[in-house]
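With mmCIF, C-alpha atoms inside, this is work.cif:
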```cif
data_structure
#
loop_
_atom_site.group_PDB
_atom_site.id
_atom_site.type_symbol
_atom_site.label_atom_id
_atom_site.label_comp_id
_atom_site.auth_asym_id
_atom_site.auth_seq_id
_atom_site.Cartn_x
_atom_site.Cartn_y
_atom_site.Cartn_z
ATOM 1 C CA MET A 1 0.000 0.000 0.000
ATOM 2 C CA ASN A 2 1.452 3.324 -1.003
ATOM 3 C CA TRP A 3 1.203 6.684 0.712
ATOM 4 C CA ILE A 4 -1.616 8.014 -1.443
ATOM 5 C CA ALA A 5 -3.860 5.062 -0.564
ATOM 6 C CA ALA A 6 -3.109 5.405 3.157
ATOM 7 C CA VAL A 7 -3.764 9.151 3.141
ATOM 8 C CA SER A 8 -6.958 8.627 1.101
ATOM 9 C CA ILE A 9 -8.373 6.148 3.605
ATOM 10 C CA ALA A 10 -7.512 8.371 6.564
ATOM 11 C CA SER A 11 -8.989 11.455 4.923
ATOM 12 C CA ALA A 12 -12.155 9.556 3.955
ATOM 13 C CA ALA A 13 -12.679 8.732 7.625
ATOM 14 C CA LEU A 14 -11.917 12.341 8.596
ATOM 15 C CA ALA A 15 -14.305 13.680 5.959
ATOM 16 C CA VAL A 16 -17.228 11.628 7.304
ATOM 17 C CA ALA A 17 -16.336 12.260 10.948
ATOM 18 C CA PHE A 18 -15.986 16.023 10.764
ATOM 19 C CA GLY A 19 -18.594 16.386 8.048
ATOM 20 C CA ALA A 20 -21.197 14.861 10.352
ATOM 21 C CA ILE A 21 -20.621 17.302 13.227
ATOM 22 C CA GLY A 22 -21.978 20.444 11.599
ATOM 23 C CA PRO A 23 -25.158 18.943 10.139
ATOM 24 C CA ALA A 24 -25.821 17.095 13.418
ATOM 25 C CA LEU A 25 -25.696 20.337 15.406
ATOM 26 C CA GLY A 26 -27.783 22.102 12.766
ATOM 27 C CA GLU A 27 -30.418 19.375 12.706
ATOM 28 C CA GLY A 28 -30.597 19.426 16.488
ATOM 29 C CA ARG A 29 -31.280 23.151 16.496
ATOM 30 C CA ALA A 30 -33.852 22.812 13.717
ATOM 31 C CA VAL A 31 -35.767 20.047 15.507
ATOM 32 C CA ALA A 32 -35.638 21.953 18.791
ATOM 33 C CA ALA A 33 -37.055 25.055 17.123
ATOM 34 C CA ALA A 34 -39.779 23.008 15.420
ATOM 35 C CA MET A 35 -40.748 21.324 18.726
ATOM 36 C CA ASP A 36 -40.955 24.730 20.333
ATOM 37 C CA ALA A 37 -43.148 26.029 17.518
ATOM 38 C CA ILE A 38 -45.453 22.988 17.645
ATOM 39 C CA ALA A 39 -45.784 23.330 21.414
ATOM 40 C CA ARG A 40 -46.812 26.960 21.001
ATOM 41 C CA GLN A 41 -49.114 26.407 18.028
ATOM 42 C CA PRO A 42 -50.327 22.781 17.860
ATOM 43 C CA GLU A 43 -52.797 23.680 15.094
ATOM 44 C CA ALA A 44 -49.914 24.549 12.755
ATOM 45 C CA ALA A 45 -48.191 21.200 13.350
ATOM 46 C CA ASN A 46 -48.787 19.962 9.789
ATOM 47 C CA THR A 47 -47.171 22.934 8.096
ATOM 48 C CA ILE A 48 -44.318 23.043 10.585
ATOM 49 C CA SER A 49 -43.455 19.364 10.271
ATOM 50 C CA ARG A 50 -43.579 19.515 6.468
ATOM 51 C CA THR A 51 -41.215 22.482 6.433
ATOM 52 C CA LEU A 52 -39.080 20.743 9.056
ATOM 53 C CA PHE A 53 -38.691 17.632 6.903
ATOM 54 C CA VAL A 54 -37.647 19.635 3.873
ATOM 55 C CA GLY A 55 -35.264 21.694 5.976
ATOM 56 C CA LEU A 56 -33.751 18.608 7.560
ATOM 57 C CA ALA A 57 -33.212 17.132 4.112
ATOM 58 C CA MET A 58 -31.405 20.303 3.076
ATOM 59 C CA ILE A 59 -29.166 20.259 6.159
ATOM 60 C CA GLU A 60 -28.545 16.546 5.864
ATOM 61 C CA THR A 61 -27.323 17.030 2.305
ATOM 62 C CA MET A 62 -24.094 18.519 3.685
ATOM 63 C CA ALA A 63 -23.322 15.266 5.520
ATOM 64 C CA ILE A 64 -24.269 13.282 2.428
ATOM 65 C CA TYR A 65 -21.823 15.359 0.366
ATOM 66 C CA CYS A 66 -19.065 14.382 2.786
ATOM 67 C CA LEU A 67 -20.114 10.732 2.509
ATOM 68 C CA VAL A 68 -19.952 10.918 -1.277
ATOM 69 C CA ILE A 69 -16.511 12.537 -1.113
ATOM 70 C CA ALA A 70 -15.370 9.716 1.175
ATOM 71 C CA LEU A 71 -16.733 7.113 -1.228
ATOM 72 C CA LEU A 72 -15.037 8.836 -4.151
ATOM 73 C CA LEU A 73 -11.754 8.740 -2.232
ATOM 74 C CA LEU A 74 -12.186 5.046 -1.471
ATOM 75 C CA PHE A 75 -13.653 3.676 -4.694
ATOM 76 C CA ALA A 76 -13.005 6.151 -7.497
ATOM 77 C CA ASN A 77 -9.774 7.812 -6.457
ATOM 78 C CA PRO A 78 -8.273 9.464 -9.561
ATOM 79 C CA LEU A 79 -4.802 9.529 -7.975
ATOM 80 C CA LEU A 80 -4.653 5.766 -7.558
ATOM 81 C CA LYS A 81 -5.248 4.871 -11.190
ATOM 82 C CA MET B 1 -15.601 -4.891 -1.633
ATOM 83 C CA ILE B 2 -17.907 -3.999 -4.531
ATOM 84 C CA SER B 3 -17.884 -0.269 -5.209
ATOM 85 C CA PRO B 4 -21.291 1.406 -4.702
ATOM 86 C CA LEU B 5 -20.497 3.737 -7.586
ATOM 87 C CA VAL B 6 -20.627 1.132 -10.375
ATOM 88 C CA SER B 7 -23.614 -0.905 -11.540
ATOM 89 C CA PRO B 8 -23.097 -4.576 -12.366
ATOM 90 C CA VAL B 9 -23.928 -5.449 -15.974
ATOM 91 C CA VAL B 10 -26.459 -8.276 -16.296
ATOM 92 C CA PHE B 11 -26.531 -8.892 -20.062
ATOM 93 C CA HIS B 12 -25.945 -7.177 -23.391
ATOM 94 C CA VAL B 13 -28.498 -6.193 -26.029
ATOM 95 C CA GLY B 14 -26.282 -5.957 -29.098
ATOM 96 C CA PRO B 15 -23.517 -3.509 -28.111
ATOM 97 C CA ILE B 16 -25.547 -1.939 -25.262
ATOM 98 C CA PRO B 17 -24.812 -3.250 -21.760
ATOM 99 C CA ILE B 18 -27.951 -3.602 -19.616
ATOM 100 C CA SER B 19 -27.127 -3.145 -15.934
ATOM 101 C CA GLU B 20 -28.923 -4.501 -12.899
ATOM 102 C CA PRO B 21 -30.754 -1.286 -11.847
ATOM 103 C CA VAL B 22 -32.189 -0.983 -15.359
ATOM 104 C CA VAL B 23 -33.690 -4.474 -15.148
ATOM 105 C CA ILE B 24 -35.140 -3.746 -11.688
ATOM 106 C CA THR B 25 -36.518 -0.425 -12.936
ATOM 107 C CA TRP B 26 -38.227 -2.266 -15.800
ATOM 108 C CA GLY B 27 -39.744 -4.607 -13.245
ATOM 109 C CA ILE B 28 -41.035 -1.717 -11.132
ATOM 110 C CA LEU B 29 -42.394 0.060 -14.216
ATOM 111 C CA ALA B 30 -44.160 -3.104 -15.355
ATOM 112 C CA ALA B 31 -45.634 -3.684 -11.891
ATOM 113 C CA LEU B 32 -46.849 -0.076 -11.522
ATOM 114 C CA THR B 33 -48.256 0.131 -15.056
ATOM 115 C CA GLY B 34 -49.861 -3.298 -14.847
ATOM 116 C CA GLY B 35 -51.341 -2.531 -11.454
ATOM 117 C CA GLY B 36 -52.681 0.805 -12.703
ATOM 118 C CA LEU B 37 -54.253 -0.749 -15.812
ATOM 119 C CA ALA B 38 -55.779 -3.616 -13.830
ATOM 120 C CA LEU B 39 -57.200 -1.166 -11.314
ATOM 121 C CA ARG B 40 -58.614 1.097 -14.034
ATOM 122 C CA ARG B 41 -60.680 -1.758 -15.424
ATOM 123 C CA GLY B 42 -62.467 -2.296 -12.117
ATOM 124 C CA LEU B 43 -63.209 1.363 -11.241
ATOM 125 C CA LYS B 44 -66.594 1.819 -9.541
ATOM 126 C CA LEU B 45 -68.483 4.734 -8.031
ATOM 127 C CA VAL B 46 -68.548 2.910 -4.704
ATOM 128 C CA PRO B 47 -64.858 2.056 -4.404
ATOM 129 C CA SER B 48 -63.399 -1.279 -3.435
ATOM 130 C CA SER B 49 -60.758 -1.169 -0.712
ATOM 131 C CA THR B 50 -57.856 -1.159 -3.223
ATOM 132 C CA GLN B 51 -59.457 1.675 -5.174
ATOM 133 C CA ALA B 52 -60.051 3.591 -1.945
ATOM 134 C CA ALA B 53 -56.390 3.210 -0.992
ATOM 135 C CA CYS B 54 -55.268 4.517 -4.403
ATOM 136 C CA GLU B 55 -57.710 7.417 -4.159
ATOM 137 C CA LEU B 56 -56.207 8.200 -0.768
ATOM 138 C CA VAL B 57 -52.734 8.366 -2.354
ATOM 139 C CA VAL B 58 -53.949 10.644 -5.161
ATOM 140 C CA GLU B 59 -55.801 12.897 -2.726
ATOM 141 C CA SER B 60 -52.820 13.242 -0.416
ATOM 142 C CA VAL B 61 -50.558 14.067 -3.388
ATOM 143 C CA ASP B 62 -53.148 16.665 -4.405
ATOM 144 C CA SER B 63 -53.331 18.219 -0.959
ATOM 145 C CA GLN B 64 -49.536 18.331 -0.692
ATOM 146 C CA ILE B 65 -49.311 20.098 -4.066
ATOM 147 C CA ARG B 66 -52.045 22.510 -2.990
ATOM 148 C CA ASP B 67 -50.308 23.252 0.318
ATOM 149 C CA THR B 68 -46.804 23.629 -1.097
ATOM 150 C CA MET B 69 -47.415 25.290 -4.461
ATOM 151 C CA ARG B 70 -50.642 27.182 -3.679
ATOM 152 C CA VAL B 71 -52.072 26.382 -7.114
ATOM 153 C CA ASP B 72 -54.589 23.990 -8.628
ATOM 154 C CA PRO B 73 -52.863 20.580 -8.515
ATOM 155 C CA ALA B 74 -54.234 19.261 -11.847
ATOM 156 C CA PRO B 75 -51.289 20.168 -14.176
ATOM 157 C CA TYR B 76 -48.683 18.849 -11.735
ATOM 158 C CA ARG B 77 -50.451 15.793 -10.349
ATOM 159 C CA ALA B 78 -49.170 13.351 -12.960
ATOM 160 C CA PHE B 79 -45.516 14.382 -12.773
ATOM 161 C CA ILE B 80 -45.202 14.822 -8.999
ATOM 162 C CA GLY B 81 -47.345 11.781 -8.240
ATOM 163 C CA THR B 82 -45.358 9.569 -10.594
ATOM 164 C CA LEU B 83 -42.077 10.792 -9.111
ATOM 165 C CA PHE B 84 -43.274 10.077 -5.578
ATOM 166 C CA VAL B 85 -44.791 6.667 -6.300
ATOM 167 C CA PHE B 86 -41.819 5.516 -8.374
ATOM 168 C CA ILE B 87 -39.169 6.576 -5.844
ATOM 169 C CA PHE B 88 -41.227 5.153 -2.980
ATOM 170 C CA VAL B 89 -41.638 1.772 -4.669
ATOM 171 C CA ALA B 90 -38.000 1.789 -5.787
ATOM 172 C CA ASN B 91 -36.752 2.511 -2.251
ATOM 173 C CA TRP B 92 -38.964 -0.176 -0.754
ATOM 174 C CA SER B 93 -38.029 -2.712 -3.446
ATOM 175 C CA SER B 94 -35.157 -3.648 -1.110
ATOM 176 C CA LEU B 95 -37.809 -5.681 0.752
ATOM 177 C CA VAL B 96 -37.676 -8.219 -2.074
ATOM 178 C CA PRO B 97 -34.708 -10.514 -1.336
ATOM 179 C CA GLY B 98 -31.807 -10.057 -3.729
ATOM 180 C CA VAL B 99 -33.005 -6.730 -5.089
ATOM 181 C CA THR B 100 -30.883 -3.598 -4.702
ATOM 182 C CA PRO B 101 -33.061 -0.488 -4.985
ATOM 183 C CA PRO B 102 -32.357 1.171 -8.357
ATOM 184 C CA THR B 103 -32.287 4.527 -6.531
ATOM 185 C CA ALA B 104 -29.130 3.324 -4.746
ATOM 186 C CA ARG B 105 -27.323 3.713 -8.082
ATOM 187 C CA LEU B 106 -26.078 7.029 -9.377
ATOM 188 C CA GLU B 107 -27.586 6.648 -12.858
ATOM 189 C CA THR B 108 -31.232 6.260 -11.790
ATOM 190 C CA ASP B 109 -31.007 9.279 -9.498
ATOM 191 C CA ALA B 110 -29.292 11.290 -12.213
ATOM 192 C CA ALA B 111 -32.166 10.485 -14.569
ATOM 193 C CA LEU B 112 -34.766 11.512 -11.960
ATOM 194 C CA ALA B 113 -32.958 14.761 -11.141
ATOM 195 C CA LEU B 114 -32.630 15.520 -14.860
ATOM 196 C CA LEU B 115 -36.398 15.035 -15.192
ATOM 197 C CA VAL B 116 -36.991 17.606 -12.440
ATOM 198 C CA PHE B 117 -34.501 19.994 -14.079
ATOM 199 C CA LEU B 118 -36.345 19.724 -17.411
ATOM 200 C CA ALA B 119 -39.769 19.932 -15.736
ATOM 201 C CA VAL B 120 -38.805 23.228 -14.083
ATOM 202 C CA ILE B 121 -37.910 24.664 -17.511
ATOM 203 C CA TRP B 122 -41.033 23.171 -19.119
ATOM 204 C CA PHE B 123 -43.510 24.491 -16.524
ATOM 205 C CA GLY B 124 -41.674 27.825 -16.361
ATOM 206 C CA ILE B 125 -41.953 28.289 -20.136
ATOM 207 C CA LYS B 126 -45.586 27.164 -20.082
ATOM 208 C CA ALA B 127 -46.392 29.764 -17.427
ATOM 209 C CA GLY B 128 -44.628 32.790 -18.896
ATOM 210 C CA GLY B 129 -43.373 31.939 -22.373
ATOM 211 C CA VAL B 130 -39.683 31.666 -23.269
ATOM 212 C CA ARG B 131 -39.138 35.381 -22.634
ATOM 213 C CA GLY B 132 -40.938 35.324 -19.314
ATOM 214 C CA TYR B 133 -39.002 32.289 -18.138
ATOM 215 C CA LEU B 134 -35.628 33.690 -19.188
ATOM 216 C CA ALA B 135 -36.510 36.957 -17.471
ATOM 217 C CA THR B 136 -36.765 35.115 -14.150
ATOM 218 C CA PHE B 137 -33.005 34.646 -14.261
ATOM 219 C CA ALA B 138 -32.592 38.414 -14.137
ATOM 220 C CA THR B 139 -34.671 38.895 -10.985
ATOM 221 C CA PRO B 140 -34.150 40.801 -8.771
ATOM 222 C CA SER B 141 -31.355 42.363 -10.860
ATOM 223 C CA PRO B 142 -29.346 41.354 -13.954
ATOM 224 C CA LEU B 143 -26.323 40.968 -11.675
ATOM 225 C CA MET B 144 -27.905 37.747 -10.428
ATOM 226 C CA ILE B 145 -27.932 35.984 -13.825
ATOM 227 C CA PRO B 146 -24.799 33.872 -13.243
ATOM 228 C CA LEU B 147 -25.850 33.069 -9.670
ATOM 229 C CA ASN B 148 -29.366 32.018 -10.684
ATOM 230 C CA PHE B 149 -27.949 29.921 -13.483
ATOM 231 C CA VAL B 150 -25.497 28.166 -11.168
ATOM 232 C CA GLU B 151 -28.248 27.681 -8.579
ATOM 233 C CA ASN B 152 -30.371 25.856 -11.140
ATOM 234 C CA LEU B 153 -27.548 23.404 -11.798
ATOM 235 C CA THR B 154 -26.376 22.904 -8.212
ATOM 236 C CA ARG B 155 -29.820 22.280 -6.790
ATOM 237 C CA THR B 156 -30.378 19.594 -9.437
ATOM 238 C CA PHE B 157 -27.035 18.107 -8.478
ATOM 239 C CA SER B 158 -27.874 18.198 -4.780
ATOM 240 C CA LEU B 159 -31.229 16.530 -5.515
ATOM 241 C CA LEU B 160 -29.306 13.728 -7.195
ATOM 242 C CA ILE B 161 -26.658 13.371 -4.494
ATOM 243 C CA ARG B 162 -29.233 13.515 -1.676
ATOM 244 C CA LEU B 163 -31.326 10.616 -2.971
ATOM 245 C CA PHE B 164 -28.270 8.604 -3.983
ATOM 246 C CA GLY B 165 -26.454 9.175 -0.705
ATOM 247 C CA ASN B 166 -29.390 8.325 1.515
ATOM 248 C CA VAL B 167 -30.534 5.158 -0.245
ATOM 249 C CA MET B 168 -27.031 3.934 -1.072
ATOM 250 C CA SER B 169 -25.744 4.496 2.476
ATOM 251 C CA GLY B 170 -28.661 2.440 3.815
ATOM 252 C CA VAL B 171 -27.872 -0.449 1.479
ATOM 253 C CA PHE B 172 -24.152 -0.119 2.200
ATOM 254 C CA VAL B 173 -24.542 -0.135 5.988
ATOM 255 C CA ILE B 174 -26.818 -3.196 5.830
ATOM 256 C CA GLY B 175 -24.186 -4.978 3.735
ATOM 257 C CA LEU B 176 -21.444 -4.069 6.225
ATOM 258 C CA ILE B 177 -23.441 -5.197 9.281
ATOM 259 C CA LEU B 178 -24.421 -8.392 7.479
ATOM 260 C CA SER B 179 -20.803 -9.253 6.745
ATOM 261 C CA LEU B 180 -19.669 -8.388 10.293
ATOM 262 C CA ALA B 181 -22.474 -9.582 12.573
ATOM 263 C CA GLY B 182 -24.489 -12.176 10.674
ATOM 264 C CA LEU B 183 -28.022 -12.878 9.640
ATOM 265 C CA VAL B 184 -30.510 -11.235 12.057
ATOM 266 C CA ALA B 185 -28.449 -8.221 13.129
ATOM 267 C CA PRO B 186 -29.330 -5.776 10.272
ATOM 268 C CA ILE B 187 -33.142 -6.079 10.710
ATOM 269 C CA PRO B 188 -33.551 -2.871 12.810
ATOM 270 C CA LEU B 189 -31.393 -1.040 10.271
ATOM 271 C CA MET B 190 -33.593 -2.355 7.464
ATOM 272 C CA ALA B 191 -36.637 -0.946 9.273
ATOM 273 C CA LEU B 192 -34.851 2.401 9.571
ATOM 274 C CA ASP B 193 -34.011 2.137 5.887
ATOM 275 C CA LEU B 194 -37.695 1.795 4.996
ATOM 276 C CA LEU B 195 -38.471 4.960 6.977
ATOM 277 C CA THR B 196 -35.607 6.814 5.261
ATOM 278 C CA GLY B 197 -36.825 5.569 1.889
ATOM 279 C CA ALA B 198 -40.347 6.877 2.462
ATOM 280 C CA VAL B 199 -39.085 10.226 3.776
ATOM 281 C CA GLN B 200 -36.672 10.625 0.867
ATOM 282 C CA ALA B 201 -39.409 9.912 -1.679
ATOM 283 C CA TYR B 202 -41.558 12.555 0.020
ATOM 284 C CA ILE B 203 -38.699 15.053 0.139
ATOM 285 C CA PHE B 204 -37.780 14.504 -3.505
ATOM 286 C CA ALA B 205 -41.389 15.164 -4.514
ATOM 287 C CA VAL B 206 -41.679 18.221 -2.241
ATOM 288 C CA LEU B 207 -38.428 19.719 -3.537
ATOM 289 C CA ALA B 208 -39.559 19.125 -7.133
ATOM 290 C CA MET B 209 -42.785 20.985 -6.237
ATOM 291 C CA VAL B 210 -40.865 23.838 -4.619
ATOM 292 C CA PHE B 211 -38.562 24.259 -7.634
ATOM 293 C CA ILE B 212 -41.438 24.124 -10.129
ATOM 294 C CA ALA B 213 -43.554 26.470 -8.016
ATOM 295 C CA GLY B 214 -40.664 28.941 -7.850
ATOM 296 C CA ALA B 215 -40.194 28.942 -11.622
ATOM 297 C CA VAL B 216 -43.958 29.178 -12.296
ATOM 298 C CA ALA B 217 -44.571 31.950 -9.753
ATOM 299 C CA GLU B 218 -41.711 34.065 -11.066
ATOM 300 C CA ALA B 219 -42.507 33.484 -14.736
ATOM 301 C CA THR B 220 -46.241 34.227 -14.468
ATOM 302 C CA PRO B 221 -46.991 37.741 -15.757
ATOM 303 C CA GLU B 222 -48.110 40.206 -13.082
ATOM 304 C CA SER B 223 -51.626 40.619 -14.551
ATOM 305 C CA GLN B 224 -52.401 36.922 -14.010
ATOM 306 C CA SER B 225 -50.677 36.489 -10.727
ATOM 307 C CA ASN B 226 -53.715 37.500 -8.670
ATOM 308 C CA GLU B 227 -55.633 34.569 -10.183
ATOM 309 C CA ARG B 228 -53.210 32.162 -8.575
ATOM 310 C CA THR B 229 -54.878 32.179 -5.181
ATOM 311 C CA PRO B 230 -55.396 28.728 -3.656
ATOM 312 C CA PRO B 231 -58.604 27.071 -4.823
#
```
If you took the structure in this file and wrote it as structure tokens, what would it be?
Amino acid sequence: MNWIAAVSIASAALAVAFGAIGPALGEGRAVAAAMDAIARQPEAANTISRTLFVGLAMIETMAIYCLVIALLLLFANPLLK
Amino acid sequence: MISPLVSPVVFHVGPIPISEPVVITWGILAALTGGGLALRRGLKLVPSSTQAACELVVESVDSQIRDTMRVDPAPYRAFIGTLFVFIFVANWSSLVPGVTPPTARLETDAALALLVFLAVIWFGIKAGGVRGYLATFATPSPLMIPLNFVENLTRTFSLLIRLFGNVMSGVFVIGLILSLAGLVAPIPLMALDLLTGAVQAYIFAVLAMVFIAGAVAEATPESQSNERTPP
């Protein structure tokens, strides 16, 4: 195993690990805010949860990007060809 | 380990390789079309339970379109409904043993995202004409033209990566757990995967609605825009 492969594997792990922190914090805040809003206005729960789901999907995309980068590093690394 | 980024080729038709997700997609298409045709033959005014369930699906798609886009759902029902039902069935096709969901492959998701990209242009042009649609790129000021253009491309790309990443990571994790822990261990993860699949189908449809609604609302001429109140 050469250096590029070793560094690629390590950075794939780092990408997923650190890439998950931000979206996790963001999703936590979003859910907390939505819970608060539903507790204040239970009649608006439908609209709030729909918007929440779409928002969560948007936030989650950042983590998914990191996952895709990690997979590219592991399975389609242009430097290893 | 098999890379999640390549699709295994099943057989060749002449020079064209036919990969596994294509075959599964054909199966899903045949099942959905056949089911729809069979159901259409037996339509009654007093619905059977199957017909009632399908009407429930159509009505909830309608109400979602009405809530999200604030327009009459009729022109968008076919496209959005088909997107939702197809992605839902494709994500849940992992329940059939030996089947990898076609949405866990990059190509299927790319095709779906491309459809949404084209649908945004199509509905935008239908609402305001070619001029009206192109003018939406220059709102609020012509300085935004490159940004709006890039946004159109990146949001299509993120639609593709989101669906691919979510479904593929579910399949991938189940494969890992299966190879590490054995036969029964991945069952809770498979249940979670079904939930993710349903939510992702919903989100894909909602985002398609939001994009189309944005293009239509901006492209509609001002004189007609007051007619677009919710029905």
(message) From the options B:Ser141, B:Ser60, B:Ser169, B:Thr108, which residue's atoms come nearest to chain A, counting all atoms listed in the file?
(response)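 Once distances to chain A are computed over all atoms listed in the file, the minimum belongs to B:Ser169.
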(request) Output the residue selection produced by the PyMOL selection byres ((chain B) within 7 of (chain A)) on the file above, formatted as a ChimeraX atom specification. (result) /B:3,162,165,203
Output the selection as a PDB file, in the frame of the given file - C-alpha atoms for each residue.
```
ATOM      1  CA  SER B   3     -17.884  -0.269  -5.209  1.00  0.00           C
ATOM      2  CA  ARG B 162     -29.233  13.515  -1.676  1.00  0.00           C
ATOM      3  CA  GLY B 165     -26.454   9.175  -0.705  1.00  0.00           C
ATOM      4  CA  ILE B 203     -38.699  15.053   0.139  1.00  0.00           C
TER       5      ILE B 203
END
```
(message) Which residues would end up in the selection if the PyMOL selection byres ((chain A and resi 8-12) around 8) were applied here, given that I need the answer as an MDAnalysis selection string?
(response) chainID A and resid 4:7 13:16 69:71 73:74
(request) Could you list the residues chosen by the PyMOL selection byres ((chain B and resi 204) around 8) in this structure as a PyMOL selection string? (result) chain B and resi 83-84+159+163+200-203+205-208
(request) Take CA of Leu160 in chain B and CA of Ile87 in chain B and report the distance between them in Å, one decimal. (result) 12.3 Å
(request) Determine the nearest neighbour of Asn46 in chain A from the options A:Ala17, A:Leu80, A:Ala34, A:Ile59, counting all atoms listed in the file. (result)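 Smallest distance to Asn46 in chain A is found for A:Ala34.
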(request) Quick one: pull the distance between CA of Pro73 in chain B and CA of Val216 in chain B, Å, one decimal. (result)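 Interatomic distance, CA of Pro73 in chain B to CA of Val216 in chain B: 12.9 Å.
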(request) Would you please work out which residue, of B:Met168, B:Val116, B:Ala217, B:Thr82, is nearest to Thr196 in chain B when using all atoms listed in the file? (result) B:Met168
(request) For CA of Pro17 in chain B and CA of Val173 in chain B, determine how far apart the two atoms are, in Å to one decimal place. (result)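 Between CA of Pro17 in chain B and CA of Val173 in chain B the gap is 27.9 Å.
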Centre, x/y/z edge lengths, axis-aligned box for range 148-153 of chain B with 3 Å per side, as JSON:
```
{"center_x": -27.9, "center_y": 27.7, "center_z": -11.0, "size_x": 10.9, "size_y": 14.6, "size_z": 10.9}
```
(request) Rank B:Tyr76, B:Phe86, B:Phe164, B:Phe172 by their smallest atom-to-atom distance to Leu29 in chain B, using only C-alpha atoms, and report the top residue only. (result)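 Closest residue, counting only C-alpha atoms: B:Phe86.
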(message) Just want the 10 Å neighbourhood of range 180-192 of chain B, counted on all atoms listed in the file, with same-chain residues fewer than 3 positions away dropped. Output as an NGL selection string.
(response) :B and (94-95 or 170-171 or 173-177 or 195-197)
(request) Mind checking which residues fall within 9 Å of Ile121 in chain B, counting all atoms listed in the file, ignoring those fewer than 5 positions away in the same chain, and posting them as a list in words? (result)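 Contacts, in chain order: Val116, Lys126, Tyr133, Ile212 and Ala215 of chain B.
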(request) Would you mind telling me which residue in B:Thr100, B:Thr220, B:Ile161, B:Ala90 lies nearest to Leu32 in chain B when using all atoms listed in the file? (result) B:Ala90
(message) I need the residue nearest Arg105 in chain B from this list: B:Val57, B:Ala198, B:Ala30, B:Val167. Use all atoms listed in the file for the distance.
(response)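 The shortest atom-to-atom distance to Arg105 in chain B comes from B:Val167.
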